[in-house]
Every structure is written in structure tokens, then in C-alpha cells.
Amino acid sequence: MAKEQRQVDAITDMERDFAQWYTDVCTKAELIGYTSVKGMYILRPYGYAIWENIQRALDDRFKETGHCNVSMPMLIPESLLQREKDHIEGFAPECAWVTVGGSEKLEERLCVRPTSETLFCEHWSKVVHSWRDLPMLYNQWCSVMRWEKTTRPFLRHREFLWQEGHTLHATAEEAIEETERMLEVYADVLENLLAMPVVRGVKTDKEKFAGAERTYTLECMMHDRKALQNGTSHYFGDGFAKAFDISFSDKDNQRRAPFETSWGITTRTIGGLIMTHGDNRGLVLPPRVAPVQAVIIPVAQHKPGVLDAASALRDRLQAAGIRAKLDDSDNSPGWKFAEHEMKGVPLRVEIGPKDIEKAQCGLARRDTGEKTFAPLSELEQAAQNLLEEIQSNLFAQAKKNLEEHTFDITTPEEAKAIAEGEGGFLRSKWCGSRECEEAMKERAGVSSRCIPFQQRGTEGTCPVCGKKCETDIYWGIAY
């Protein structure tokens, strides 16, 4: 029992110290490991398995929309980066450079890719000639490096995994349509796989991606009511194409510059998953993304027939398409309960000698802790029903948190009081002025999160300057 108690006590209460609770979950649930280089983490098997499920869901959707996977180099010559001024200025503080190869100093510095727009553009300048070559619909799964000063597991790594989509189109309309379509792909995965409700919107000019004409974003609310940007999609216009001399002959044989998009989502999504659904017992995983959806715990497994019965339950669940695991280790059942709860396994299936006699098994939900019993003959259907209920409940809980902690504000002082108190998303009107946007940061300590797609169409006043305006904007404290 002492071992079980230590396992639970290893996680700090989120109400006492949310940051430490988060770190505890990352390490104690065996998602991540530290290395000797600050900000460069190991994704342990369980953490990587979650990423694989996210990756698989996204990759399937990318291919359904006609995209092909490619692989670009990880090193970018400095002269290539310099060809798009706004882009390099935006990333300059985070660039890591290679200056020596073997024992020789390089003639030109090479940047370890923070993102790959310039590499795709250089390639397209060589292979795009005619309107028949368009659209180019590419995606890359890779790691990138950004030399962050402050690092946290999943949320801010110096090296992290992601996918970066890059596309090229004949018209601005096609490119904008692509940008919006891919944002919706992200929203679908976040809401339907990860049970994370999103606010869809557009970033202000101040917050948009370096070199983009327009950045679309998905903003999610964490359990502590802070915001996490979770997937962005960028419309570049023809700026990159002109900077890299990309052109094509249209149907009238006229030379034109194409229009570009870029979109990406990273392993920080796992951090969002933890902070959206986790509790004081540890990780809570939505069934659709959980590496293990159901764990079978044999009770009194030393008694005849118990392990055989537990193995049979695992085989039946796996045959029904459920990701099931049997824990037949020599730890006590109580220790196993705490261990798999901490790892967020959605459903626990228990079977012991008395259950075998009654031809039943116990089913315990991770989200509510509720335990029920099901006849062994109905196991598959009962498990599938509970997994769907857990998935729906987690989304409903997260949506309730988002709706109940979205507040309308009319002054910076009101915004500051809420942000420093209960926390949440702060919605107001905005005149569109960068000065007012910066004043909200200075006076209320909040940044603009997005101009939501869903506008109320009502008139109000900007909280800073008092000017009459109709544009809704969301503010918040963000990770």
C-alpha cells in the first residue's frame, strides 16, 4: 500500500501549483524524459504513441485532400533565408547555426531549419513552369529547431516534432480556400479525436506568422483557463513566390507568380491534451487518441483460471478493434489501478474469481471514476459504449470550461481583474489599432488571441480608446 500511496503523492495538486502538476504528469506518466541539453526532450514510448495516433489521423486527412508527403533537408544556407526579409527577421532570434563541418569552417553559415518555407520555394523555382504543374500540395513530417530561452515539456522545445504543409496555387482564391480548408482539418482532429473545443479565428497583424499576409488560428482553453494556440494555417499571397523567382505560364501563356500557403501542428498538442483533460490523479486521455483504450486487471491472479480469463477478455477486445492491454505484472491490483489511472487509460476492466463465477467483469471509467458491471457475453458492446460516452463527456467538460470562462469586458482594468483572478478568454470589441492592442498587453497583461470567425455583428466600443466599432476579438494569457 505504501508503494501505491507514493505513486499518487508524486503528482502535485493542480490547484496548489498547476505548473508543477503539469511537469509531474509529463514525467510520472512516462510521456517525456530530459536530456543533457536544455530544451531538448525525449519522447518516451507512451508519449510517442500518442503523437503517432495524432499523426496517423492527420496524415489520413492530408492524403484524402490530395496532399503528398515529401522530405526536405534540415540545413538552410543563410543566403537562402535572407531572400524573404520579414520571414528571416521573425525567426532570427531563434535560429541555431552550423558553422563548422568536420574540422573545417564553412564558407557560409547553415541554419538548422526553424521552418521550411525557403527550402520549398527554392525547389518550386526549379520545377514549376506551367499552370499544369499546379497546385503543388506537399506535406513534411520532421523535427525543427528554435532556440527558445524558456523551455517546458511539449509546450516549448528547442527541437520538436511537427508536420508542415506547403502548397502552391495558380490563384489567390485557391490558396485562401486551401488555407481555410486545412485549418478545418486541424479543428476536426482537435475536437473529434482529442476532445478539445476550439475557437477559430484570424490573428492580428501584430501576431501573424512572419512573412504571412494572413494567419488563421485555433485557440484552446486549458484547465487553468489560459490559452494555447493549437494549429495555425498561413496565407502567404505571392510574396514568397516573387522573392524566390517562382513563376508559371498561365492558360494564356502569360508569366505569373503563384500563391502560397503553409500550415502546421506540433507535439505541443500533447501538452494541450494534458492541460485540457488531466486531473489530480494524472493524465486523462480521450479514447480515440489513447494508445491503450482499455486495460485488463486480473484480481487475485494467482488463483486458478483468473489469468486465463483476463487474457481471453484482452483477446476479445482486441478482436473488436479496441486497443486493449493485459497487466499481468506481480504488482498489487491497487497499485495497478493507480498506475493506469495516472497514465490516463480511459477504461479499466477488472476480473477476479467472484466475477468468473457470476460471468461478469467490472468496468471503471477514468473520466468519472464510475464503476459498473457487465455480463461477459456483452463485454465488447459495453466497452465500446463506455468509450464513446467517455469521449463525449470529455469534450462536453472542456466545452463547458470554455463557455463558462469566456467573459465580455469593456475596459483594460476589467480584463486585468479577470485575467489575474479566475482567468479565461476575454472578449471585447476592437477598433483595429495596433496601439490599442499593445495597450491591452501593457495595462491588462493579456495578448490578442484571435479575431473569431463567429462575429456577433453588434456595435460597441474599443476598451482602450472608446471608439465605436463592431469587430469582436479574444484576449487572454497564453502559453
# chains A, B, ... in the order shown; residues from 1 in each chain; ligands from 1

call {"tool": "select_by_dssp", "arguments": {"residues": "range 289-428 of chain A", "states": "helix (DSSP H, G or I)", "output": "number ranges by chain"}}
result
A: 306-319, 333-342, 353-358, 376-404, 412-420

call {"tool": "residues_around", "arguments": {"residues": "Gly445 in chain A", "least_positions_apart": "3", "cutoff": "9 Å", "atoms": "only C-alpha atoms", "output": "PyMOL selection string"}}
result
chain A and resi 412+415-416+419-420+440-442+476-477

call {"tool": "write_last_selection", "arguments": {"atoms": "C-alpha atoms", "output": "compact mmCIF listing (two decimals), in the first residue's frame"}}
result
# COMPACT_ATOMS: atom_id res chain seq x y z
CA PRO A 412 -8.48 47.01 -19.61
CA ALA A 415 -9.77 42.42 -18.25
CA LYS A 416 -6.85 42.54 -15.81
CA ALA A 419 -7.08 37.51 -16.00
CA GLU A 420 -5.34 37.75 -12.63
CA MET A 440 -4.13 45.94 -23.61
CA LYS A 441 -0.90 43.99 -23.12
CA GLU A 442 0.63 46.76 -21.03
CA GLY A 476 -6.06 36.04 -22.90
CA ILE A 477 -2.92 34.88 -21.15

call {"tool": "atom_distance", "arguments": {"atom1": "CA of Lys203 in chain A", "atom2": "CA of Arg146 in chain A"}}
result
21.1 Å

call {"tool": "select_by_dssp", "arguments": {"residues": "range 130-218 of chain A", "states": "strand (DSSP E)", "output": "PyMOL selection string"}}
result
chain A and resi 136-145+159-169+199-202+214-218

call {"tool": "write_last_selection", "arguments": {"atoms": "N, CA and C atoms", "output": "PDB file, in the first residue's frame"}}
result
ATOM      1  N   MET A 136       0.653  22.557 -56.227  1.00  0.00           N
ATOM      2  CA  MET A 136       1.622  21.731 -55.530  1.00  0.00           C
ATOM      3  C   MET A 136       1.095  21.559 -54.101  1.00  0.00           C
ATOM      4  N   LEU A 137       0.793  20.331 -53.730  1.00  0.00           N
ATOM      5  CA  LEU A 137       0.211  20.061 -52.408  1.00  0.00           C
ATOM      6  C   LEU A 137       1.136  19.135 -51.636  1.00  0.00           C
ATOM      7  N   TYR A 138       2.022  19.731 -50.859  1.00  0.00           N
ATOM      8  CA  TYR A 138       3.062  18.975 -50.156  1.00  0.00           C
ATOM      9  C   TYR A 138       2.877  19.046 -48.641  1.00  0.00           C
ATOM     10  N   ASN A 139       3.366  17.993 -47.979  1.00  0.00           N
ATOM     11  CA  ASN A 139       3.441  17.986 -46.518  1.00  0.00           C
ATOM     12  C   ASN A 139       4.730  17.301 -46.108  1.00  0.00           C
ATOM     13  N   GLN A 140       5.284  17.740 -44.991  1.00  0.00           N
ATOM     14  CA  GLN A 140       6.511  17.142 -44.466  1.00  0.00           C
ATOM     15  C   GLN A 140       6.348  16.847 -42.976  1.00  0.00           C
ATOM     16  N   TRP A 141       6.691  15.622 -42.565  1.00  0.00           N
ATOM     17  CA  TRP A 141       6.787  15.244 -41.159  1.00  0.00           C
ATOM     18  C   TRP A 141       8.259  15.297 -40.764  1.00  0.00           C
ATOM     19  N   CYS A 142       8.594  16.080 -39.766  1.00  0.00           N
ATOM     20  CA  CYS A 142      10.002  16.244 -39.428  1.00  0.00           C
ATOM     21  C   CYS A 142      10.147  16.873 -38.050  1.00  0.00           C
ATOM     22  N   SER A 143      11.380  17.137 -37.663  1.00  0.00           N
ATOM     23  CA  SER A 143      11.642  17.953 -36.478  1.00  0.00           C
ATOM     24  C   SER A 143      12.234  19.278 -36.937  1.00  0.00           C
ATOM     25  N   VAL A 144      12.019  20.313 -36.132  1.00  0.00           N
ATOM     26  CA  VAL A 144      12.608  21.622 -36.409  1.00  0.00           C
ATOM     27  C   VAL A 144      13.257  22.125 -35.121  1.00  0.00           C
ATOM     28  N   MET A 145      14.081  23.152 -35.264  1.00  0.00           N
ATOM     29  CA  MET A 145      14.800  23.678 -34.104  1.00  0.00           C
ATOM     30  C   MET A 145      14.586  25.181 -33.983  1.00  0.00           C
ATOM     31  N   GLU A 159      13.989  21.628 -29.905  1.00  0.00           N
ATOM     32  CA  GLU A 159      13.722  20.745 -31.045  1.00  0.00           C
ATOM     33  C   GLU A 159      12.379  20.077 -30.797  1.00  0.00           C
ATOM     34  N   PHE A 160      11.503  20.106 -31.794  1.00  0.00           N
ATOM     35  CA  PHE A 160      10.203  19.467 -31.617  1.00  0.00           C
ATOM     36  C   PHE A 160       9.747  18.844 -32.926  1.00  0.00           C
ATOM     37  N   LEU A 161       8.831  17.894 -32.797  1.00  0.00           N
ATOM     38  CA  LEU A 161       8.257  17.226 -33.961  1.00  0.00           C
ATOM     39  C   LEU A 161       7.023  17.983 -34.422  1.00  0.00           C
ATOM     40  N   TRP A 162       6.823  17.981 -35.721  1.00  0.00           N
ATOM     41  CA  TRP A 162       5.625  18.599 -36.274  1.00  0.00           C
ATOM     42  C   TRP A 162       5.406  18.099 -37.685  1.00  0.00           C
ATOM     43  N   GLN A 163       4.350  18.602 -38.292  1.00  0.00           N
ATOM     44  CA  GLN A 163       4.193  18.488 -39.733  1.00  0.00           C
ATOM     45  C   GLN A 163       4.067  19.915 -40.257  1.00  0.00           C
ATOM     46  N   GLU A 164       4.598  20.124 -41.446  1.00  0.00           N
ATOM     47  CA  GLU A 164       4.463  21.431 -42.092  1.00  0.00           C
ATOM     48  C   GLU A 164       3.967  21.214 -43.510  1.00  0.00           C
ATOM     49  N   GLY A 165       2.769  21.707 -43.764  1.00  0.00           N
ATOM     50  CA  GLY A 165       2.216  21.635 -45.103  1.00  0.00           C
ATOM     51  C   GLY A 165       2.597  22.874 -45.891  1.00  0.00           C
ATOM     52  N   HIS A 166       2.928  22.704 -47.146  1.00  0.00           N
ATOM     53  CA  HIS A 166       3.295  23.819 -48.029  1.00  0.00           C
ATOM     54  C   HIS A 166       2.631  23.581 -49.375  1.00  0.00           C
ATOM     55  N   THR A 167       1.876  24.567 -49.831  1.00  0.00           N
ATOM     56  CA  THR A 167       1.170  24.401 -51.103  1.00  0.00           C
ATOM     57  C   THR A 167       1.328  25.636 -51.975  1.00  0.00           C
ATOM     58  N   LEU A 168       1.201  25.425 -53.281  1.00  0.00           N
ATOM     59  CA  LEU A 168       1.361  26.480 -54.265  1.00  0.00           C
ATOM     60  C   LEU A 168       0.176  26.419 -55.220  1.00  0.00           C
ATOM     61  N   HIS A 169      -0.429  27.589 -55.521  1.00  0.00           N
ATOM     62  CA  HIS A 169      -1.673  27.636 -56.291  1.00  0.00           C
ATOM     63  C   HIS A 169      -1.620  28.714 -57.380  1.00  0.00           C
ATOM     64  N   VAL A 199     -11.589  27.728 -30.628  1.00  0.00           N
ATOM     65  CA  VAL A 199     -12.105  28.996 -31.149  1.00  0.00           C
ATOM     66  C   VAL A 199     -11.364  29.241 -32.454  1.00  0.00           C
ATOM     67  N   ARG A 200     -12.089  29.289 -33.563  1.00  0.00           N
ATOM     68  CA  ARG A 200     -11.494  29.514 -34.871  1.00  0.00           C
ATOM     69  C   ARG A 200     -11.411  31.017 -35.125  1.00  0.00           C
ATOM     70  N   GLY A 201     -10.284  31.464 -35.660  1.00  0.00           N
ATOM     71  CA  GLY A 201     -10.176  32.889 -35.931  1.00  0.00           C
ATOM     72  C   GLY A 201      -8.941  33.255 -36.723  1.00  0.00           C
ATOM     73  N   VAL A 202      -8.728  34.556 -36.848  1.00  0.00           N
ATOM     74  CA  VAL A 202      -7.599  35.113 -37.592  1.00  0.00           C
ATOM     75  C   VAL A 202      -6.730  35.896 -36.613  1.00  0.00           C
ATOM     76  N   ARG A 214      -1.830  36.581 -43.983  1.00  0.00           N
ATOM     77  CA  ARG A 214      -2.917  36.296 -43.060  1.00  0.00           C
ATOM     78  C   ARG A 214      -2.623  34.975 -42.352  1.00  0.00           C
ATOM     79  N   THR A 215      -2.833  34.940 -41.032  1.00  0.00           N
ATOM     80  CA  THR A 215      -2.648  33.716 -40.250  1.00  0.00           C
ATOM     81  C   THR A 215      -3.958  33.335 -39.575  1.00  0.00           C
ATOM     82  N   TYR A 216      -4.420  32.125 -39.865  1.00  0.00           N
ATOM     83  CA  TYR A 216      -5.609  31.580 -39.212  1.00  0.00           C
ATOM     84  C   TYR A 216      -5.145  30.720 -38.028  1.00  0.00           C
ATOM     85  N   THR A 217      -5.935  30.705 -36.956  1.00  0.00           N
ATOM     86  CA  THR A 217      -5.508  30.007 -35.752  1.00  0.00           C
ATOM     87  C   THR A 217      -6.656  29.286 -35.077  1.00  0.00           C
ATOM     88  N   LEU A 218      -6.301  28.290 -34.281  1.00  0.00           N
ATOM     89  CA  LEU A 218      -7.242  27.608 -33.396  1.00  0.00           C
ATOM     90  C   LEU A 218      -6.754  27.832 -31.974  1.00  0.00           C
TER      91      LEU A 218
END

call {"tool": "residues_around", "arguments": {"residues": "Glu404 in chain A", "least_positions_apart": "2", "cutoff": "12 Å", "atoms": "only C-alpha atoms", "output": "PyMOL selection string"}}
result
chain A and resi 221+223+225+396-402+406-408+422-426

call {"tool": "residues_around", "arguments": {"residues": "Gly321 in chain A", "least_positions_apart": "5", "cutoff": "10 Å", "atoms": "only C-alpha atoms", "output": "number ranges by chain"}}
result
A: 316, 380, 384

call {"tool": "write_last_selection", "arguments": {"atoms": "N, CA and C atoms", "output": "tab-separated table (two decimals), in the first residue's frame"}}
result
chain	number	residue	atom	x	y	z
A	316	ARG	N	-10.56	-10.71	-26.84
A	316	ARG	CA	-11.87	-10.36	-27.38
A	316	ARG	C	-11.96	-8.85	-27.68
A	380	GLU	N	-17.88	-6.67	-25.33
A	380	GLU	CA	-17.45	-5.81	-26.44
A	380	GLU	C	-18.35	-4.59	-26.59
A	384	GLN	N	-17.35	-0.65	-25.85
A	384	GLN	CA	-17.44	0.34	-26.92
A	384	GLN	C	-18.39	1.47	-26.54

call {"tool": "residues_around", "arguments": {"residues": "range 452-469 of chain A", "least_positions_apart": "2", "cutoff": "8 Å", "atoms": "only C-alpha atoms", "output": "PDB file with N, CA and C atoms, in the first residue's frame"}}
result
ATOM      1  N   VAL A 199     -11.589  27.728 -30.628  1.00  0.00           N
ATOM      2  CA  VAL A 199     -12.105  28.996 -31.149  1.00  0.00           C
ATOM      3  C   VAL A 199     -11.364  29.241 -32.454  1.00  0.00           C
ATOM      4  N   ARG A 200     -12.089  29.289 -33.563  1.00  0.00           N
ATOM      5  CA  ARG A 200     -11.494  29.514 -34.871  1.00  0.00           C
ATOM      6  C   ARG A 200     -11.411  31.017 -35.125  1.00  0.00           C
ATOM      7  N   GLY A 201     -10.284  31.464 -35.660  1.00  0.00           N
ATOM      8  CA  GLY A 201     -10.176  32.889 -35.931  1.00  0.00           C
ATOM      9  C   GLY A 201      -8.941  33.255 -36.723  1.00  0.00           C
ATOM     10  N   VAL A 202      -8.728  34.556 -36.848  1.00  0.00           N
ATOM     11  CA  VAL A 202      -7.599  35.113 -37.592  1.00  0.00           C
ATOM     12  C   VAL A 202      -6.730  35.896 -36.613  1.00  0.00           C
ATOM     13  N   ILE A 409     -15.747  41.968 -21.784  1.00  0.00           N
ATOM     14  CA  ILE A 409     -15.152  43.049 -20.995  1.00  0.00           C
ATOM     15  C   ILE A 409     -15.228  44.353 -21.787  1.00  0.00           C
ATOM     16  N   THR A 410     -15.180  45.464 -21.070  1.00  0.00           N
ATOM     17  CA  THR A 410     -15.280  46.771 -21.721  1.00  0.00           C
ATOM     18  C   THR A 410     -14.121  47.699 -21.380  1.00  0.00           C
ATOM     19  N   THR A 411     -13.256  47.289 -20.421  1.00  0.00           N
ATOM     20  CA  THR A 411     -12.098  48.122 -20.058  1.00  0.00           C
ATOM     21  C   THR A 411     -10.888  47.235 -19.801  1.00  0.00           C
ATOM     22  N   PRO A 412      -9.672  47.775 -19.956  1.00  0.00           N
ATOM     23  CA  PRO A 412      -8.476  47.007 -19.611  1.00  0.00           C
ATOM     24  C   PRO A 412      -8.453  46.602 -18.145  1.00  0.00           C
ATOM     25  N   SER A 428     -14.008  41.295 -26.403  1.00  0.00           N
ATOM     26  CA  SER A 428     -14.395  42.706 -26.455  1.00  0.00           C
ATOM     27  C   SER A 428     -14.513  43.130 -27.908  1.00  0.00           C
ATOM     28  N   LYS A 429     -14.920  44.358 -28.106  1.00  0.00           N
ATOM     29  CA  LYS A 429     -14.816  44.976 -29.430  1.00  0.00           C
ATOM     30  C   LYS A 429     -13.390  45.510 -29.582  1.00  0.00           C
ATOM     31  N   TRP A 430     -13.007  45.754 -30.822  1.00  0.00           N
ATOM     32  CA  TRP A 430     -11.652  46.267 -31.082  1.00  0.00           C
ATOM     33  C   TRP A 430     -11.692  47.157 -32.301  1.00  0.00           C
ATOM     34  N   CYS A 431     -11.019  48.286 -32.189  1.00  0.00           N
ATOM     35  CA  CYS A 431     -11.028  49.270 -33.267  1.00  0.00           C
ATOM     36  C   CYS A 431     -10.086  48.905 -34.404  1.00  0.00           C
ATOM     37  N   CYS A 436      -3.853  50.205 -29.599  1.00  0.00           N
ATOM     38  CA  CYS A 436      -4.803  49.712 -28.599  1.00  0.00           C
ATOM     39  C   CYS A 436      -4.498  48.258 -28.233  1.00  0.00           C
ATOM     40  N   ALA A 439      -1.627  48.384 -25.917  1.00  0.00           N
ATOM     41  CA  ALA A 439      -2.044  48.957 -24.635  1.00  0.00           C
ATOM     42  C   ALA A 439      -2.739  47.912 -23.766  1.00  0.00           C
ATOM     43  N   MET A 440      -3.488  47.006 -24.380  1.00  0.00           N
ATOM     44  CA  MET A 440      -4.133  45.935 -23.615  1.00  0.00           C
ATOM     45  C   MET A 440      -3.075  45.037 -22.965  1.00  0.00           C
ATOM     46  N   CYS A 450      -7.238  35.987 -31.047  1.00  0.00           N
ATOM     47  CA  CYS A 450      -7.707  35.924 -32.430  1.00  0.00           C
ATOM     48  C   CYS A 450      -8.917  36.820 -32.613  1.00  0.00           C
ATOM     49  N   THR A 471     -15.984  44.918 -34.515  1.00  0.00           N
ATOM     50  CA  THR A 471     -15.152  43.714 -34.583  1.00  0.00           C
ATOM     51  C   THR A 471     -14.958  43.088 -33.207  1.00  0.00           C
ATOM     52  N   ASP A 472     -15.313  41.808 -33.081  1.00  0.00           N
ATOM     53  CA  ASP A 472     -15.056  41.058 -31.846  1.00  0.00           C
ATOM     54  C   ASP A 472     -13.623  40.547 -31.865  1.00  0.00           C
ATOM     55  N   ILE A 473     -12.990  40.533 -30.694  1.00  0.00           N
ATOM     56  CA  ILE A 473     -11.637  39.987 -30.562  1.00  0.00           C
ATOM     57  C   ILE A 473     -11.543  39.263 -29.227  1.00  0.00           C
ATOM     58  N   TYR A 474     -10.716  38.217 -29.187  1.00  0.00           N
ATOM     59  CA  TYR A 474     -10.464  37.483 -27.952  1.00  0.00           C
ATOM     60  C   TYR A 474      -9.086  37.851 -27.418  1.00  0.00           C
TER      61      TYR A 474
END

call {"tool": "atom_distance", "arguments": {"atom1": "CA of Arg366 in chain A", "atom2": "CA of Glu52 in chain A"}}
result
21.9 Å

call {"tool": "residues_around", "arguments": {"residues": "Arg288 in chain A", "least_positions_apart": "6", "cutoff": "8 Å", "atoms": "only C-alpha atoms", "output": "short mmCIF file (atom, residue, chain, number, x, y, z; two decimals) with N, CA and C atoms, in the first residue's frame"}}
result
data_model
loop_
_atom_site.label_atom_id
_atom_site.label_comp_id
_atom_site.auth_asym_id
_atom_site.auth_seq_id
_atom_site.Cartn_x
_atom_site.Cartn_y
_atom_site.Cartn_z
N LEU A 193 -10.99 13.99 -32.22
CA LEU A 193 -10.04 12.98 -31.76
C LEU A 193 -9.57 13.30 -30.34
N LEU A 194 -9.20 14.56 -30.11
CA LEU A 194 -8.61 14.96 -28.83
C LEU A 194 -9.63 15.55 -27.86
N GLN A 391 -15.49 9.68 -24.42
CA GLN A 391 -15.07 10.65 -25.44
C GLN A 391 -16.00 11.86 -25.44
#

call {"tool": "atom_distance", "arguments": {"atom1": "CA of Ile322 in chain A", "atom2": "CA of Gly305 in chain A"}}
result
23.3 Å

call {"tool": "residues_around", "arguments": {"residues": "Asp355 in chain A", "least_positions_apart": "2", "cutoff": "10 Å", "atoms": "only C-alpha atoms", "output": "MDAnalysis selection string"}}
result
chainID A and resid 299 306 309 350:353 357:362 373:376

call {"tool": "write_last_selection", "arguments": {"atoms": "N, CA and C atoms", "output": "PDB file, in the first residue's frame"}}
result
ATOM      1  N   VAL A 299      -7.748  -9.701 -10.835  1.00  0.00           N
ATOM      2  CA  VAL A 299      -7.788  -9.589  -9.373  1.00  0.00           C
ATOM      3  C   VAL A 299      -7.596 -10.987  -8.792  1.00  0.00           C
ATOM      4  N   VAL A 306      -7.877 -17.269 -13.342  1.00  0.00           N
ATOM      5  CA  VAL A 306      -8.034 -15.814 -13.427  1.00  0.00           C
ATOM      6  C   VAL A 306      -7.231 -15.231 -14.587  1.00  0.00           C
ATOM      7  N   ALA A 309      -8.783 -16.119 -17.879  1.00  0.00           N
ATOM      8  CA  ALA A 309      -9.996 -15.333 -18.148  1.00  0.00           C
ATOM      9  C   ALA A 309      -9.640 -13.913 -18.568  1.00  0.00           C
ATOM     10  N   GLU A 350     -11.877  -5.169 -14.869  1.00  0.00           N
ATOM     11  CA  GLU A 350     -11.434  -5.997 -13.744  1.00  0.00           C
ATOM     12  C   GLU A 350     -12.135  -7.351 -13.785  1.00  0.00           C
ATOM     13  N   ILE A 351     -11.362  -8.396 -13.491  1.00  0.00           N
ATOM     14  CA  ILE A 351     -11.972  -9.720 -13.378  1.00  0.00           C
ATOM     15  C   ILE A 351     -11.234 -10.535 -12.321  1.00  0.00           C
ATOM     16  N   GLY A 352     -11.997 -11.150 -11.447  1.00  0.00           N
ATOM     17  CA  GLY A 352     -11.468 -11.996 -10.394  1.00  0.00           C
ATOM     18  C   GLY A 352     -12.313 -13.248 -10.243  1.00  0.00           C
ATOM     19  N   PRO A 353     -11.991 -14.090  -9.253  1.00  0.00           N
ATOM     20  CA  PRO A 353     -12.726 -15.350  -9.082  1.00  0.00           C
ATOM     21  C   PRO A 353     -14.240 -15.163  -8.941  1.00  0.00           C
ATOM     22  N   GLU A 357     -17.317 -16.497 -11.459  1.00  0.00           N
ATOM     23  CA  GLU A 357     -18.484 -17.253 -11.005  1.00  0.00           C
ATOM     24  C   GLU A 357     -19.783 -16.629 -11.500  1.00  0.00           C
ATOM     25  N   LYS A 358     -19.823 -15.294 -11.526  1.00  0.00           N
ATOM     26  CA  LYS A 358     -21.041 -14.581 -11.929  1.00  0.00           C
ATOM     27  C   LYS A 358     -21.083 -14.289 -13.424  1.00  0.00           C
ATOM     28  N   ALA A 359     -20.052 -14.727 -14.162  1.00  0.00           N
ATOM     29  CA  ALA A 359     -19.964 -14.474 -15.611  1.00  0.00           C
ATOM     30  C   ALA A 359     -20.074 -12.983 -15.915  1.00  0.00           C
ATOM     31  N   GLN A 360     -19.292 -12.184 -15.181  1.00  0.00           N
ATOM     32  CA  GLN A 360     -19.311 -10.736 -15.356  1.00  0.00           C
ATOM     33  C   GLN A 360     -17.897 -10.174 -15.232  1.00  0.00           C
ATOM     34  N   CYS A 361     -17.757  -8.897 -15.506  1.00  0.00           N
ATOM     35  CA  CYS A 361     -16.499  -8.190 -15.267  1.00  0.00           C
ATOM     36  C   CYS A 361     -16.827  -6.772 -14.813  1.00  0.00           C
ATOM     37  N   GLY A 362     -15.880  -6.162 -14.105  1.00  0.00           N
ATOM     38  CA  GLY A 362     -16.043  -4.785 -13.673  1.00  0.00           C
ATOM     39  C   GLY A 362     -15.481  -3.820 -14.696  1.00  0.00           C
ATOM     40  N   PHE A 373     -20.828  -3.075 -13.768  1.00  0.00           N
ATOM     41  CA  PHE A 373     -20.539  -4.467 -14.114  1.00  0.00           C
ATOM     42  C   PHE A 373     -21.278  -4.809 -15.405  1.00  0.00           C
ATOM     43  N   ALA A 374     -20.640  -5.657 -16.200  1.00  0.00           N
ATOM     44  CA  ALA A 374     -21.248  -6.079 -17.467  1.00  0.00           C
ATOM     45  C   ALA A 374     -21.149  -7.591 -17.593  1.00  0.00           C
ATOM     46  N   PRO A 375     -22.174  -8.243 -18.113  1.00  0.00           N
ATOM     47  CA  PRO A 375     -22.072  -9.677 -18.387  1.00  0.00           C
ATOM     48  C   PRO A 375     -20.931  -9.937 -19.371  1.00  0.00           C
ATOM     49  N   LEU A 376     -20.200 -11.012 -19.169  1.00  0.00           N
ATOM     50  CA  LEU A 376     -19.085 -11.316 -20.070  1.00  0.00           C
ATOM     51  C   LEU A 376     -19.558 -11.458 -21.514  1.00  0.00           C
TER      52      LEU A 376
END

call {"tool": "closest_residue", "arguments": {"among": "A:Met182, A:Val345, A:Ala170, A:Val198", "to": "His67 in chain A", "atoms": "only C-alpha atoms"}}
result
A:Met182

call {"tool": "closest_residue", "arguments": {"among": "A:Glu89, A:Asp24, A:Glu117, A:Glu414", "to": "Ala243 in chain A", "atoms": "only C-alpha atoms"}}
result
A:Glu117

call {"tool": "closest_residue", "arguments": {"among": "A:Gly33, A:Gly344, A:Pro287, A:Pro304", "to": "Arg323 in chain A", "atoms": "only C-alpha atoms"}}
result
A:Pro287

call {"tool": "decode", "arguments": {"residues": "range 408-420 of chain A", "atoms": "N, CA and C atoms", "output": "PDB file, in the first residue's frame"}}
result
ATOM      1  N   ASP A 408     -17.212  38.834 -21.429  1.00  0.00           N
ATOM      2  CA  ASP A 408     -17.237  40.093 -22.172  1.00  0.00           C
ATOM      3  C   ASP A 408     -16.711  41.205 -21.275  1.00  0.00           C
ATOM      4  N   ILE A 409     -15.747  41.968 -21.784  1.00  0.00           N
ATOM      5  CA  ILE A 409     -15.152  43.049 -20.995  1.00  0.00           C
ATOM      6  C   ILE A 409     -15.228  44.353 -21.787  1.00  0.00           C
ATOM      7  N   THR A 410     -15.180  45.464 -21.070  1.00  0.00           N
ATOM      8  CA  THR A 410     -15.280  46.771 -21.721  1.00  0.00           C
ATOM      9  C   THR A 410     -14.121  47.699 -21.380  1.00  0.00           C
ATOM     10  N   THR A 411     -13.256  47.289 -20.421  1.00  0.00           N
ATOM     11  CA  THR A 411     -12.098  48.122 -20.058  1.00  0.00           C
ATOM     12  C   THR A 411     -10.888  47.235 -19.801  1.00  0.00           C
ATOM     13  N   PRO A 412      -9.672  47.775 -19.956  1.00  0.00           N
ATOM     14  CA  PRO A 412      -8.476  47.007 -19.611  1.00  0.00           C
ATOM     15  C   PRO A 412      -8.453  46.602 -18.145  1.00  0.00           C
ATOM     16  N   GLU A 413      -8.973  47.451 -17.271  1.00  0.00           N
ATOM     17  CA  GLU A 413      -8.978  47.154 -15.844  1.00  0.00           C
ATOM     18  C   GLU A 413      -9.853  45.940 -15.530  1.00  0.00           C
ATOM     19  N   GLU A 414     -10.988  45.865 -16.213  1.00  0.00           N
ATOM     20  CA  GLU A 414     -11.873  44.714 -16.052  1.00  0.00           C
ATOM     21  C   GLU A 414     -11.180  43.450 -16.557  1.00  0.00           C
ATOM     22  N   ALA A 415     -10.498  43.565 -17.693  1.00  0.00           N
ATOM     23  CA  ALA A 415      -9.773  42.423 -18.252  1.00  0.00           C
ATOM     24  C   ALA A 415      -8.675  41.954 -17.302  1.00  0.00           C
ATOM     25  N   LYS A 416      -7.949  42.884 -16.723  1.00  0.00           N
ATOM     26  CA  LYS A 416      -6.853  42.538 -15.809  1.00  0.00           C
ATOM     27  C   LYS A 416      -7.372  41.822 -14.576  1.00  0.00           C
ATOM     28  N   ALA A 417      -8.480  42.299 -14.021  1.00  0.00           N
ATOM     29  CA  ALA A 417      -9.040  41.688 -12.819  1.00  0.00           C
ATOM     30  C   ALA A 417      -9.424  40.226 -13.078  1.00  0.00           C
ATOM     31  N   ILE A 418     -10.026  39.963 -14.229  1.00  0.00           N
ATOM     32  CA  ILE A 418     -10.429  38.592 -14.551  1.00  0.00           C
ATOM     33  C   ILE A 418      -9.213  37.730 -14.845  1.00  0.00           C
ATOM     34  N   ALA A 419      -8.272  38.272 -15.626  1.00  0.00           N
ATOM     35  CA  ALA A 419      -7.075  37.507 -16.004  1.00  0.00           C
ATOM     36  C   ALA A 419      -6.252  37.116 -14.784  1.00  0.00           C
ATOM     37  N   GLU A 420      -6.144  38.022 -13.828  1.00  0.00           N
ATOM     38  CA  GLU A 420      -5.337  37.749 -12.632  1.00  0.00           C
ATOM     39  C   GLU A 420      -6.135  36.980 -11.578  1.00  0.00           C
TER      40      GLU A 420
END
